[in-house]
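Some notes on the structure that comes next.
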Amino acid sequence: MEDVSIEVKDLKIFYRVLTRMSIKKSLLKFHRNKIIKKEAIKGLSFRVKKGEVVGIIGKNGCGKSTLLRAIAGIISPDEGSIDLKGNSVSLLAIGVGFNEELSGYDNIFLSGMLLGIEKEQVKEKLNEIIDFSELENDIYKPVRTYSSGMRSKLAFSITAILETDIILIDEVLSVGDVSFKEKSYQKIKELILDKSKTVLLVSHDTSVLLELCDYMIWISDGIIKKEGNTHEVITAYEAFMKKE
Amino acid sequence: MRIIKLFIKNLKKYFEYALYSAKAELKSEVANSYLNWIWWILEPICMMLIYIFVVEIVFKSKEPNFPVFVFIGITVWNFFSKMITISVRLVKTKKMIISKVYLPKYILVLEKSFVFAFKSFISFGLILILMLLFRVPFTMYLLSFIIIFLLLYIITFGLCCIIMHFGTYIEDLTNVCTIGLKFLLYFSGIFYNIETKVPAPFNHILVNVNPIAFIIDGFRKIFMYATFPNIMIIIGWFFIGLLLSAIGVKLIHKYENSYVKVI
């Protein structure tokens with residue numbers, strides 16, 4: 001029996017377009033407005049073993065980010081289930097949730113605590129995070145004064161150093177300048193080599209996926225189009241994209 | 001029952017986060033403004049001066065120790081109205097965090113409540129100073145401050161949770177809240193005495209039916225008049241406050257994971 005760390009079963013997620021409304025609209029509208037239901041994910045099932053690195057590929061808007069958000073617990077499934085077997089999870093995406101008014105320093109603590117890590121543990125890793133982010137004294141300035149590159153660096157450093165059991169990475173391999181990009185790439189590789197971490201990686205960069213992933217899932221229109229060996233899936237995907 | 005257990009568990013888990021976040025917010029408020037923490041004192045004092053001008057000079061109304069009287073009203077009102085105003089759009093303003101990591105959304109209300117509770121404690125401190133200046137005697141009744149404040153806190157927390165939930169979905173709830181708060185502002189006896197200024201049967205009804213009026217009146221009783229508000233009505237409002245909080249927490253718990261889809 002192998003150690004499974006993510007189990008997704010018949011996952012379906014709908015977006016109800018038109019759910020936001022105004023009181024005037026709902027008072028004046030006697031006939032019920034048709035709620036347009038957009039299915040973002042239409043029934044996905046897969047398992048990820050512990051320590052595995054799984055790549056997810058697909059066109060823009062096919063539901064990749066929605067899937068990661070659902071696994072991170074930010075969106076609840078409308079049907080089906082996601083079982084993380086009690087593992088802690090963090091989503092690493094462009095522009096991680098910072099409180100704009102607060103300093104980068106305070107945001108490290110807040111993000112850490114939101115990831116379920118105790119304040120003391122964050123304190124222990126604090127210097128490592130600040131060093132990795134290369135922000136130096138800017139760490140004491142409010143995040144709203146940061147450039148987008150600085151934000152991404154800080155976000156990456158927090159998630160990468162305060163390691164959770166499951167790491168979801170959404171297109172953040174191209175963070176910052178060339179040297180930081182190289183450094184973050186090395187860090188991800190390091191995390192990937194650590195067999196206690198499970199990684200889900202969304203990217204459009206097929207060469208990166210080929211190098212890092214053990215397994216590949218190709219999502220198209222909310223369903224799994226093909227899954228399996230990284231090389232095979234990517235070849236099929238590239239051939240398909242060329243045809244379109 | 002299950003939700004209460006979960007609520008308490010989450011409260012424990014995220015308490016430190018809310019506290020740290022509130023502290024950091026207060027700190028950044030100080031760092032980013034010119035007069036920094038002086039604003040926390042200056043704002044209620046300016047409000048007090050405005051009301052003194054309008055009520056005592058324009059309307060020539062007399063109320064003993066009016067500055068203390070009105071300051072109590074302003075302090076309670078500031079806590080309540082600011083909490084409500086901020087809660088309507090709270091989910092939207094915290095979009096950046098909510099869309100990246102899970103946290104129980106009532107923690108957002110909790111965090112804001114820490115910020116405003118801190119400010120109101122400063123304000124209550126000023127009331128004590130004013131009482132010294134106007135020679136209002138300090139009595140043992142002051143000790144029951146915590147009971148009335150807890151009542152204010154629970155009612156506000158419950159209402160804010162409910163409002164935050166609906167504010168996420170209903171775009172123009174902000175306008176409704178603005179009007180509702182204006183209405184409540186004039187019917188809570190912040191700058192006049194409901195007991196003496198409102199005709200006979202209605203004054204008692206108003207004080208007992210409007211929780212904010214009741215709480216303001218309660219604070220005045222223990223700070224200024226050395227009496228205690230009706231204990232049965234306190235228990236009644238406590239019960240309603242707990243009920244509101246339970247409804248709010250339940251609503252948020254049920255729908256919080258779809259908030260991201262609409263903001």
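Convention: chains lettered A, B, ... in structure tokens order; per-chain residue numbering from 1; ligands numbered from 1 as shown.
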
8 Å contact set for A:Leu212, only C-alpha atoms, chain neighbours under 5 positions out, as number ranges by chain: A: 53, 189, 192

Residue contacts of stretch 161-172 of chain A (7 Å, only C-alpha atoms) excluding same-chain residues fewer than 6 positions away, as a ChimeraX atom specification: /A:68,87-94,129,197-203

Considering only C-alpha atoms, return as a compact mmCIF listing (two decimals) with C-alpha atoms, in the first residue's frame whatever protein or nucleic-acid residues lie within 6 Å of stretch 70-82 of chain B, sequence-local ones (same chain, fewer than 4 positions apart) excluded.
```
# COMPACT_ATOMS: atom_id res chain seq x y z
CA PHE B 66 -22.10 67.08 29.21
CA PHE B 116 -11.17 48.94 17.38
CA ILE B 190 -25.33 59.81 21.77
CA PHE B 191 -25.60 63.56 22.34
CA ILE B 216 -24.64 53.81 26.01
```

Can I get the residues of chain B within 10 Å of chain A, each with the closest pair of atoms and their distance in Å to one decimal, using only C-alpha atoms, sorted chain first then ascending number, as a Markdown table?
```
| residue | atom | partner | partner_atom | distance |
| --- | --- | --- | --- | --- |
| B:Lys13 | CA | A:Gly116 | CA | 8.1 |
| B:Tyr14 | CA | A:Met113 | CA | 7.8 |
| B:Glu16 | CA | A:Met113 | CA | 8.0 |
| B:Tyr17 | CA | A:Met113 | CA | 6.0 |
| B:Ala18 | CA | A:Leu110 | CA | 8.8 |
| B:Tyr20 | CA | A:Leu110 | CA | 7.4 |
| B:Ser21 | CA | A:Leu110 | CA | 6.7 |
| B:Lys23 | CA | A:Asp106 | CA | 9.7 |
| B:Ala24 | CA | A:Leu102 | CA | 6.7 |
| B:Glu25 | CA | A:Leu102 | CA | 6.7 |
| B:Leu26 | CA | A:Leu102 | CA | 9.6 |
| B:Lys27 | CA | A:Leu102 | CA | 8.5 |
| B:Ser28 | CA | A:Leu102 | CA | 6.0 |
| B:Glu29 | CA | A:Glu101 | CA | 8.3 |
| B:Ala31 | CA | A:Leu102 | CA | 9.8 |
| B:Asn32 | CA | A:Glu101 | CA | 8.7 |
| B:Thr93 | CA | A:Asn99 | CA | 9.8 |
| B:Lys94 | CA | A:Asn99 | CA | 7.9 |
| B:Lys95 | CA | A:Gly97 | CA | 8.0 |
| B:Met96 | CA | A:Gly97 | CA | 4.5 |
| B:Ile97 | CA | A:Gly97 | CA | 3.9 |
| B:Ile98 | CA | A:Gly97 | CA | 7.2 |
| B:Ser99 | CA | A:Ile74 | CA | 6.5 |
| B:Lys100 | CA | A:Gly97 | CA | 5.6 |
| B:Val101 | CA | A:Ile74 | CA | 6.1 |
| B:Tyr102 | CA | A:Ile74 | CA | 5.0 |
| B:Leu103 | CA | A:Leu114 | CA | 6.9 |
| B:Gly167 | CA | A:Arg20 | CA | 9.8 |
| B:Thr168 | CA | A:Arg20 | CA | 8.0 |
| B:Tyr169 | CA | A:Arg20 | CA | 5.0 |
| B:Ile170 | CA | A:Met21 | CA | 5.3 |
| B:Glu171 | CA | A:Ser22 | CA | 5.1 |
| B:Asp172 | CA | A:Ser22 | CA | 5.6 |
| B:Leu173 | CA | A:Ile23 | CA | 7.8 |
| B:Val176 | CA | A:Ile23 | CA | 9.5 |
| B:Tyr255 | CA | A:Ser76 | CA | 9.0 |
| B:Glu256 | CA | A:Ile75 | CA | 8.4 |
| B:Asn257 | CA | A:Ile75 | CA | 4.7 |
| B:Ser258 | CA | A:Ile75 | CA | 5.9 |
| B:Tyr259 | CA | A:Ile75 | CA | 8.0 |
| B:Val260 | CA | A:Ile75 | CA | 6.7 |
| B:Lys261 | CA | A:Tyr15 | CA | 6.5 |
| B:Val262 | CA | A:Arg20 | CA | 6.3 |
| B:Ile263 | CA | A:Arg20 | CA | 8.3 |
```

Generate the output file for the selected residues, C-alpha atoms, as a PDB file, in the first residue's frame.
```pdb
ATOM      1  CA  LYS B  13      -5.700  28.255  16.263  1.00  0.00           C
ATOM      2  CA  TYR B  14      -6.000  31.723  14.753  1.00  0.00           C
ATOM      3  CA  GLU B  16      -2.391  34.571  17.717  1.00  0.00           C
ATOM      4  CA  TYR B  17      -2.692  35.475  14.049  1.00  0.00           C
ATOM      5  CA  ALA B  18      -5.538  37.910  14.721  1.00  0.00           C
ATOM      6  CA  TYR B  20      -0.432  39.854  15.658  1.00  0.00           C
ATOM      7  CA  SER B  21      -2.274  41.218  12.657  1.00  0.00           C
ATOM      8  CA  LYS B  23      -0.954  44.867  16.471  1.00  0.00           C
ATOM      9  CA  ALA B  24       0.814  45.219  13.144  1.00  0.00           C
ATOM     10  CA  GLU B  25      -2.106  47.199  11.757  1.00  0.00           C
ATOM     11  CA  LEU B  26      -2.055  49.626  14.677  1.00  0.00           C
ATOM     12  CA  LYS B  27       1.690  49.919  14.345  1.00  0.00           C
ATOM     13  CA  SER B  28       1.521  50.710  10.646  1.00  0.00           C
ATOM     14  CA  GLU B  29      -1.227  53.255  11.286  1.00  0.00           C
ATOM     15  CA  ALA B  31       4.076  54.764  11.262  1.00  0.00           C
ATOM     16  CA  ASN B  32       2.210  55.996   8.216  1.00  0.00           C
ATOM     17  CA  THR B  93     -10.664  44.386   0.951  1.00  0.00           C
ATOM     18  CA  LYS B  94      -8.895  41.234   2.103  1.00  0.00           C
ATOM     19  CA  LYS B  95      -9.182  39.630  -1.315  1.00  0.00           C
ATOM     20  CA  MET B  96      -5.427  39.316  -1.676  1.00  0.00           C
ATOM     21  CA  ILE B  97      -5.131  37.123   1.385  1.00  0.00           C
ATOM     22  CA  ILE B  98      -8.362  35.198   0.997  1.00  0.00           C
ATOM     23  CA  SER B  99      -7.616  34.095  -2.536  1.00  0.00           C
ATOM     24  CA  LYS B 100      -4.227  32.699  -1.554  1.00  0.00           C
ATOM     25  CA  VAL B 101      -4.695  30.899   1.727  1.00  0.00           C
ATOM     26  CA  TYR B 102      -7.559  29.486   3.721  1.00  0.00           C
ATOM     27  CA  LEU B 103      -8.599  31.140   6.942  1.00  0.00           C
ATOM     28  CA  GLY B 167     -21.894  42.291   2.027  1.00  0.00           C
ATOM     29  CA  THR B 168     -19.811  39.850   0.019  1.00  0.00           C
ATOM     30  CA  TYR B 169     -22.732  38.982  -2.223  1.00  0.00           C
ATOM     31  CA  ILE B 170     -24.852  42.109  -2.223  1.00  0.00           C
ATOM     32  CA  GLU B 171     -23.155  45.014  -3.865  1.00  0.00           C
ATOM     33  CA  ASP B 172     -25.189  47.882  -2.422  1.00  0.00           C
ATOM     34  CA  LEU B 173     -25.387  46.738   1.170  1.00  0.00           C
ATOM     35  CA  VAL B 176     -28.090  50.378   3.259  1.00  0.00           C
ATOM     36  CA  TYR B 255     -20.552  29.787   2.538  1.00  0.00           C
ATOM     37  CA  GLU B 256     -17.004  31.023   3.136  1.00  0.00           C
ATOM     38  CA  ASN B 257     -15.395  28.785   0.571  1.00  0.00           C
ATOM     39  CA  SER B 258     -17.472  30.266  -2.219  1.00  0.00           C
ATOM     40  CA  TYR B 259     -16.571  33.875  -1.364  1.00  0.00           C
ATOM     41  CA  VAL B 260     -13.537  33.659  -3.614  1.00  0.00           C
ATOM     42  CA  LYS B 261     -15.796  32.918  -6.568  1.00  0.00           C
ATOM     43  CA  VAL B 262     -17.700  36.190  -6.325  1.00  0.00           C
ATOM     44  CA  ILE B 263     -15.081  38.747  -5.317  1.00  0.00           C
TER      45      ILE B 263
END
```

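Relative to atom CA of B:Phe223, atom CA of B:Ile127 is found at 8.8 Å.
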
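For B:Leu159, the non-local neighbours within 8 Å, defined as residues at least 3 positions apart in the same chain or in other chains and counting only C-alpha atoms, are Ile84, Ile155, Thr156, Ile162, Ile163, Leu244, Ser245 and Gly248 of chain B.
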
If you keep C-alpha atoms, can you produce a file of those selected residues as a JSON list (two decimals), in the first residue's frame?
```json
[["chain", "number", "residue", "atom", "x", "y", "z"],
["B", 84, "ILE", "CA", -20.12, 47.74, 10.85],
["B", 155, "ILE", "CA", -23.62, 42.14, 19.71],
["B", 156, "THR", "CA", -21.19, 43.93, 17.41],
["B", 162, "ILE", "CA", -23.78, 38.55, 9.35],
["B", 163, "ILE", "CA", -23.18, 41.82, 7.54],
["B", 244, "LEU", "CA", -26.51, 36.72, 16.36],
["B", 245, "SER", "CA", -22.92, 35.50, 16.68],
["B", 248, "GLY", "CA", -23.15, 34.80, 11.73]]
```

Looking only at the backbone, which of the residues in stretch 136-225 of chain B does DSSP tag as alpha helix (DSSP H), as a PDB file with N, CA and C atoms, in the first residue's frame?
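The resulting file, selection.pdb, is shown below:
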```pdb
ATOM      1  N   PHE B 145     -17.851  47.753  34.265  1.00  0.00           N
ATOM      2  CA  PHE B 145     -17.504  48.163  32.901  1.00  0.00           C
ATOM      3  C   PHE B 145     -17.360  46.960  31.974  1.00  0.00           C
ATOM      4  N   ILE B 146     -16.654  45.948  32.472  1.00  0.00           N
ATOM      5  CA  ILE B 146     -16.321  44.803  31.622  1.00  0.00           C
ATOM      6  C   ILE B 146     -17.579  44.079  31.140  1.00  0.00           C
ATOM      7  N   ILE B 147     -18.609  44.044  31.974  1.00  0.00           N
ATOM      8  CA  ILE B 147     -19.847  43.358  31.587  1.00  0.00           C
ATOM      9  C   ILE B 147     -20.513  44.085  30.422  1.00  0.00           C
ATOM     10  N   ILE B 148     -20.636  45.406  30.565  1.00  0.00           N
ATOM     11  CA  ILE B 148     -21.301  46.174  29.502  1.00  0.00           C
ATOM     12  C   ILE B 148     -20.463  46.122  28.225  1.00  0.00           C
ATOM     13  N   PHE B 149     -19.131  46.194  28.388  1.00  0.00           N
ATOM     14  CA  PHE B 149     -18.293  46.161  27.189  1.00  0.00           C
ATOM     15  C   PHE B 149     -18.418  44.815  26.479  1.00  0.00           C
ATOM     16  N   LEU B 150     -18.464  43.755  27.244  1.00  0.00           N
ATOM     17  CA  LEU B 150     -18.619  42.422  26.668  1.00  0.00           C
ATOM     18  C   LEU B 150     -19.923  42.323  25.883  1.00  0.00           C
ATOM     19  N   LEU B 151     -20.960  42.927  26.436  1.00  0.00           N
ATOM     20  CA  LEU B 151     -22.255  42.942  25.769  1.00  0.00           C
ATOM     21  C   LEU B 151     -22.148  43.664  24.419  1.00  0.00           C
ATOM     22  N   LEU B 152     -21.522  44.840  24.455  1.00  0.00           N
ATOM     23  CA  LEU B 152     -21.313  45.599  23.219  1.00  0.00           C
ATOM     24  C   LEU B 152     -20.516  44.769  22.228  1.00  0.00           C
ATOM     25  N   TYR B 153     -19.479  44.104  22.725  1.00  0.00           N
ATOM     26  CA  TYR B 153     -18.586  43.344  21.857  1.00  0.00           C
ATOM     27  C   TYR B 153     -19.325  42.187  21.177  1.00  0.00           C
ATOM     28  N   ILE B 154     -20.093  41.447  21.953  1.00  0.00           N
ATOM     29  CA  ILE B 154     -20.764  40.266  21.390  1.00  0.00           C
ATOM     30  C   ILE B 154     -21.818  40.665  20.362  1.00  0.00           C
ATOM     31  N   ILE B 155     -22.604  41.693  20.673  1.00  0.00           N
ATOM     32  CA  ILE B 155     -23.619  42.135  19.715  1.00  0.00           C
ATOM     33  C   ILE B 155     -22.960  42.624  18.432  1.00  0.00           C
ATOM     34  N   THR B 156     -21.884  43.409  18.588  1.00  0.00           N
ATOM     35  CA  THR B 156     -21.191  43.929  17.405  1.00  0.00           C
ATOM     36  C   THR B 156     -20.584  42.793  16.591  1.00  0.00           C
ATOM     37  N   PHE B 157     -19.953  41.868  17.254  1.00  0.00           N
ATOM     38  CA  PHE B 157     -19.307  40.753  16.543  1.00  0.00           C
ATOM     39  C   PHE B 157     -20.338  39.964  15.733  1.00  0.00           C
ATOM     40  N   GLY B 158     -21.472  39.630  16.364  1.00  0.00           N
ATOM     41  CA  GLY B 158     -22.507  38.865  15.679  1.00  0.00           C
ATOM     42  C   GLY B 158     -23.033  39.597  14.462  1.00  0.00           C
ATOM     43  N   LEU B 159     -23.382  40.875  14.663  1.00  0.00           N
ATOM     44  CA  LEU B 159     -23.916  41.673  13.559  1.00  0.00           C
ATOM     45  C   LEU B 159     -22.894  41.793  12.432  1.00  0.00           C
ATOM     46  N   CYS B 160     -21.636  42.023  12.794  1.00  0.00           N
ATOM     47  CA  CYS B 160     -20.595  42.207  11.782  1.00  0.00           C
ATOM     48  C   CYS B 160     -20.388  40.933  10.961  1.00  0.00           C
ATOM     49  N   CYS B 161     -20.450  39.770  11.609  1.00  0.00           N
ATOM     50  CA  CYS B 161     -20.304  38.514  10.867  1.00  0.00           C
ATOM     51  C   CYS B 161     -21.419  38.386   9.835  1.00  0.00           C
ATOM     52  N   ILE B 162     -22.649  38.669  10.266  1.00  0.00           N
ATOM     53  CA  ILE B 162     -23.779  38.548   9.349  1.00  0.00           C
ATOM     54  C   ILE B 162     -23.653  39.550   8.203  1.00  0.00           C
ATOM     55  N   ILE B 163     -23.295  40.784   8.564  1.00  0.00           N
ATOM     56  CA  ILE B 163     -23.176  41.822   7.541  1.00  0.00           C
ATOM     57  C   ILE B 163     -22.033  41.526   6.580  1.00  0.00           C
ATOM     58  N   MET B 164     -20.935  41.000   7.109  1.00  0.00           N
ATOM     59  CA  MET B 164     -19.814  40.671   6.231  1.00  0.00           C
ATOM     60  C   MET B 164     -20.234  39.611   5.207  1.00  0.00           C
ATOM     61  N   HIS B 165     -20.987  38.622   5.682  1.00  0.00           N
ATOM     62  CA  HIS B 165     -21.430  37.563   4.781  1.00  0.00           C
ATOM     63  C   HIS B 165     -22.286  38.135   3.647  1.00  0.00           C
ATOM     64  N   PHE B 166     -23.310  38.904   3.998  1.00  0.00           N
ATOM     65  CA  PHE B 166     -24.196  39.422   2.949  1.00  0.00           C
ATOM     66  C   PHE B 166     -23.508  40.499   2.116  1.00  0.00           C
ATOM     67  N   GLY B 167     -22.614  41.252   2.756  1.00  0.00           N
ATOM     68  CA  GLY B 167     -21.894  42.291   2.027  1.00  0.00           C
ATOM     69  C   GLY B 167     -21.042  41.721   0.904  1.00  0.00           C
ATOM     70  N   THR B 168     -20.620  40.486   1.051  1.00  0.00           N
ATOM     71  CA  THR B 168     -19.811  39.850   0.019  1.00  0.00           C
ATOM     72  C   THR B 168     -20.629  39.632  -1.245  1.00  0.00           C
ATOM     73  N   TYR B 169     -21.902  39.306  -1.066  1.00  0.00           N
ATOM     74  CA  TYR B 169     -22.732  38.982  -2.223  1.00  0.00           C
ATOM     75  C   TYR B 169     -23.528  40.177  -2.737  1.00  0.00           C
ATOM     76  N   LEU B 173     -25.130  46.790  -0.263  1.00  0.00           N
ATOM     77  CA  LEU B 173     -25.387  46.738   1.170  1.00  0.00           C
ATOM     78  C   LEU B 173     -24.669  47.885   1.896  1.00  0.00           C
ATOM     79  N   THR B 174     -23.575  48.361   1.285  1.00  0.00           N
ATOM     80  CA  THR B 174     -22.847  49.498   1.851  1.00  0.00           C
ATOM     81  C   THR B 174     -23.779  50.687   2.051  1.00  0.00           C
ATOM     82  N   ASN B 175     -24.602  50.967   1.021  1.00  0.00           N
ATOM     83  CA  ASN B 175     -25.514  52.111   1.102  1.00  0.00           C
ATOM     84  C   ASN B 175     -26.553  51.895   2.187  1.00  0.00           C
ATOM     85  N   VAL B 176     -27.083  50.691   2.243  1.00  0.00           N
ATOM     86  CA  VAL B 176     -28.090  50.378   3.259  1.00  0.00           C
ATOM     87  C   VAL B 176     -27.499  50.586   4.654  1.00  0.00           C
ATOM     88  N   CYS B 177     -26.266  50.129   4.819  1.00  0.00           N
ATOM     89  CA  CYS B 177     -25.618  50.260   6.128  1.00  0.00           C
ATOM     90  C   CYS B 177     -25.388  51.716   6.495  1.00  0.00           C
ATOM     91  N   THR B 178     -24.989  52.517   5.499  1.00  0.00           N
ATOM     92  CA  THR B 178     -24.753  53.937   5.776  1.00  0.00           C
ATOM     93  C   THR B 178     -26.027  54.585   6.297  1.00  0.00           C
ATOM     94  N   ILE B 179     -27.150  54.297   5.627  1.00  0.00           N
ATOM     95  CA  ILE B 179     -28.428  54.881   6.043  1.00  0.00           C
ATOM     96  C   ILE B 179     -28.831  54.332   7.418  1.00  0.00           C
ATOM     97  N   GLY B 180     -28.707  53.029   7.569  1.00  0.00           N
ATOM     98  CA  GLY B 180     -29.064  52.400   8.844  1.00  0.00           C
ATOM     99  C   GLY B 180     -28.281  52.991  10.008  1.00  0.00           C
ATOM    100  N   LEU B 181     -26.976  53.226   9.765  1.00  0.00           N
ATOM    101  CA  LEU B 181     -26.139  53.773  10.829  1.00  0.00           C
ATOM    102  C   LEU B 181     -26.522  55.207  11.162  1.00  0.00           C
ATOM    103  N   LYS B 182     -26.858  55.998  10.122  1.00  0.00           N
ATOM    104  CA  LYS B 182     -27.307  57.381  10.349  1.00  0.00           C
ATOM    105  C   LYS B 182     -28.556  57.374  11.227  1.00  0.00           C
ATOM    106  N   PHE B 183     -29.478  56.503  10.877  1.00  0.00           N
ATOM    107  CA  PHE B 183     -30.725  56.360  11.616  1.00  0.00           C
ATOM    108  C   PHE B 183     -30.429  56.028  13.079  1.00  0.00           C
ATOM    109  N   LEU B 184     -29.561  55.041  13.249  1.00  0.00           N
ATOM    110  CA  LEU B 184     -29.226  54.596  14.598  1.00  0.00           C
ATOM    111  C   LEU B 184     -28.499  55.691  15.381  1.00  0.00           C
ATOM    112  N   LEU B 185     -27.673  56.468  14.654  1.00  0.00           N
ATOM    113  CA  LEU B 185     -26.909  57.545  15.295  1.00  0.00           C
ATOM    114  C   LEU B 185     -27.839  58.495  16.048  1.00  0.00           C
ATOM    115  N   TYR B 186     -28.980  58.835  15.414  1.00  0.00           N
ATOM    116  CA  TYR B 186     -29.884  59.805  16.036  1.00  0.00           C
ATOM    117  C   TYR B 186     -30.817  59.154  17.043  1.00  0.00           C
ATOM    118  N   ILE B 194     -32.005  60.305  26.223  1.00  0.00           N
ATOM    119  CA  ILE B 194     -33.280  59.752  25.756  1.00  0.00           C
ATOM    120  C   ILE B 194     -34.335  59.828  26.861  1.00  0.00           C
ATOM    121  N   GLU B 195     -33.919  59.533  28.095  1.00  0.00           N
ATOM    122  CA  GLU B 195     -34.867  59.498  29.214  1.00  0.00           C
ATOM    123  C   GLU B 195     -35.618  60.820  29.377  1.00  0.00           C
ATOM    124  N   THR B 196     -34.906  61.945  29.222  1.00  0.00           N
ATOM    125  CA  THR B 196     -35.570  63.226  29.470  1.00  0.00           C
ATOM    126  C   THR B 196     -36.052  63.912  28.197  1.00  0.00           C
ATOM    127  N   LYS B 197     -35.440  63.591  27.061  1.00  0.00           N
ATOM    128  CA  LYS B 197     -35.780  64.339  25.846  1.00  0.00           C
ATOM    129  C   LYS B 197     -36.865  63.662  24.998  1.00  0.00           C
ATOM    130  N   ALA B 200     -42.760  60.401  27.230  1.00  0.00           N
ATOM    131  CA  ALA B 200     -42.833  59.313  28.203  1.00  0.00           C
ATOM    132  C   ALA B 200     -42.801  57.845  27.776  1.00  0.00           C
ATOM    133  N   PRO B 201     -43.790  57.270  27.149  1.00  0.00           N
ATOM    134  CA  PRO B 201     -43.645  55.808  27.020  1.00  0.00           C
ATOM    135  C   PRO B 201     -42.515  55.432  26.057  1.00  0.00           C
ATOM    136  N   PHE B 202     -42.261  56.322  25.092  1.00  0.00           N
ATOM    137  CA  PHE B 202     -41.306  55.971  24.034  1.00  0.00           C
ATOM    138  C   PHE B 202     -39.859  55.938  24.520  1.00  0.00           C
ATOM    139  N   ASN B 203     -39.537  56.761  25.514  1.00  0.00           N
ATOM    140  CA  ASN B 203     -38.140  56.785  25.942  1.00  0.00           C
ATOM    141  C   ASN B 203     -37.695  55.429  26.488  1.00  0.00           C
ATOM    142  N   HIS B 204     -38.564  54.799  27.306  1.00  0.00           N
ATOM    143  CA  HIS B 204     -38.182  53.489  27.845  1.00  0.00           C
ATOM    144  C   HIS B 204     -38.120  52.446  26.746  1.00  0.00           C
ATOM    145  N   ILE B 205     -39.100  52.526  25.850  1.00  0.00           N
ATOM    146  CA  ILE B 205     -39.121  51.565  24.742  1.00  0.00           C
ATOM    147  C   ILE B 205     -37.834  51.690  23.926  1.00  0.00           C
ATOM    148  N   LEU B 206     -37.486  52.923  23.585  1.00  0.00           N
ATOM    149  CA  LEU B 206     -36.311  53.157  22.742  1.00  0.00           C
ATOM    150  C   LEU B 206     -35.035  52.640  23.417  1.00  0.00           C
ATOM    151  N   VAL B 207     -34.890  52.938  24.692  1.00  0.00           N
ATOM    152  CA  VAL B 207     -33.668  52.526  25.390  1.00  0.00           C
ATOM    153  C   VAL B 207     -33.571  51.003  25.444  1.00  0.00           C
ATOM    154  N   ASN B 208     -34.707  50.346  25.634  1.00  0.00           N
ATOM    155  CA  ASN B 208     -34.636  48.896  25.792  1.00  0.00           C
ATOM    156  C   ASN B 208     -34.637  48.127  24.480  1.00  0.00           C
ATOM    157  N   VAL B 209     -35.183  48.752  23.427  1.00  0.00           N
ATOM    158  CA  VAL B 209     -35.273  48.045  22.145  1.00  0.00           C
ATOM    159  C   VAL B 209     -34.017  48.255  21.301  1.00  0.00           C
ATOM    160  N   PRO B 211     -30.259  48.274  21.137  1.00  0.00           N
ATOM    161  CA  PRO B 211     -29.156  47.810  21.988  1.00  0.00           C
ATOM    162  C   PRO B 211     -28.086  48.870  22.191  1.00  0.00           C
ATOM    163  N   ILE B 212     -27.829  49.681  21.150  1.00  0.00           N
ATOM    164  CA  ILE B 212     -26.772  50.685  21.278  1.00  0.00           C
ATOM    165  C   ILE B 212     -27.189  51.747  22.301  1.00  0.00           C
ATOM    166  N   ALA B 213     -28.459  52.158  22.236  1.00  0.00           N
ATOM    167  CA  ALA B 213     -28.961  53.123  23.217  1.00  0.00           C
ATOM    168  C   ALA B 213     -28.867  52.528  24.620  1.00  0.00           C
ATOM    169  N   PHE B 214     -29.216  51.250  24.733  1.00  0.00           N
ATOM    170  CA  PHE B 214     -29.173  50.584  26.035  1.00  0.00           C
ATOM    171  C   PHE B 214     -27.742  50.520  26.577  1.00  0.00           C
ATOM    172  N   ILE B 215     -26.801  50.203  25.682  1.00  0.00           N
ATOM    173  CA  ILE B 215     -25.407  50.089  26.116  1.00  0.00           C
ATOM    174  C   ILE B 215     -24.826  51.449  26.503  1.00  0.00           C
ATOM    175  N   ILE B 216     -25.130  52.459  25.681  1.00  0.00           N
ATOM    176  CA  ILE B 216     -24.641  53.809  26.013  1.00  0.00           C
ATOM    177  C   ILE B 216     -25.208  54.240  27.362  1.00  0.00           C
ATOM    178  N   ASP B 217     -26.515  54.004  27.524  1.00  0.00           N
ATOM    179  CA  ASP B 217     -27.171  54.348  28.783  1.00  0.00           C
ATOM    180  C   ASP B 217     -26.541  53.566  29.945  1.00  0.00           C
ATOM    181  N   GLY B 218     -26.238  52.306  29.685  1.00  0.00           N
ATOM    182  CA  GLY B 218     -25.621  51.466  30.720  1.00  0.00           C
ATOM    183  C   GLY B 218     -24.267  52.003  31.155  1.00  0.00           C
ATOM    184  N   PHE B 219     -23.436  52.376  30.156  1.00  0.00           N
ATOM    185  CA  PHE B 219     -22.124  52.949  30.498  1.00  0.00           C
ATOM    186  C   PHE B 219     -22.289  54.233  31.308  1.00  0.00           C
ATOM    187  N   ARG B 220     -23.265  55.070  30.903  1.00  0.00           N
ATOM    188  CA  ARG B 220     -23.467  56.327  31.639  1.00  0.00           C
ATOM    189  C   ARG B 220     -23.899  56.043  33.063  1.00  0.00           C
TER     190      ARG B 220
END
```

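Computed from the coordinates, the atom CA of B:Ile107 to atom CA of B:Trp39 distance equals 26.1 Å.
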
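One finds atom CA of B:Leu128 at 13.5 Å from atom CA of B:Met140.
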
In stretch 87-199 of chain A, DSSP strand (DSSP E) residues written as a list in words: Val89, Ser90, Leu91, Leu92, Ala93, Ile166, Ile167, Leu168, Ile169, Asp170, Thr198 and Val199 of chain A

Residue contacts of B:Ile222 (6 Å, only C-alpha atoms) excluding same-chain residues fewer than 3 positions away, as an MDAnalysis selection string: chainID B and resid 141:142 219 226:228

Could you dump the residues just selected with C-alpha atoms as a tab-separated table (two decimals), in the first residue's frame?
```tsv
chain	number	residue	atom	x	y	z
B	141	TYR	CA	-19.94	50.59	39.72
B	142	LEU	CA	-17.00	51.26	37.40
B	219	PHE	CA	-22.12	52.95	30.50
B	226	ALA	CA	-23.63	55.22	40.22
B	227	THR	CA	-26.45	52.85	39.30
B	228	PHE	CA	-26.58	49.59	37.43
```
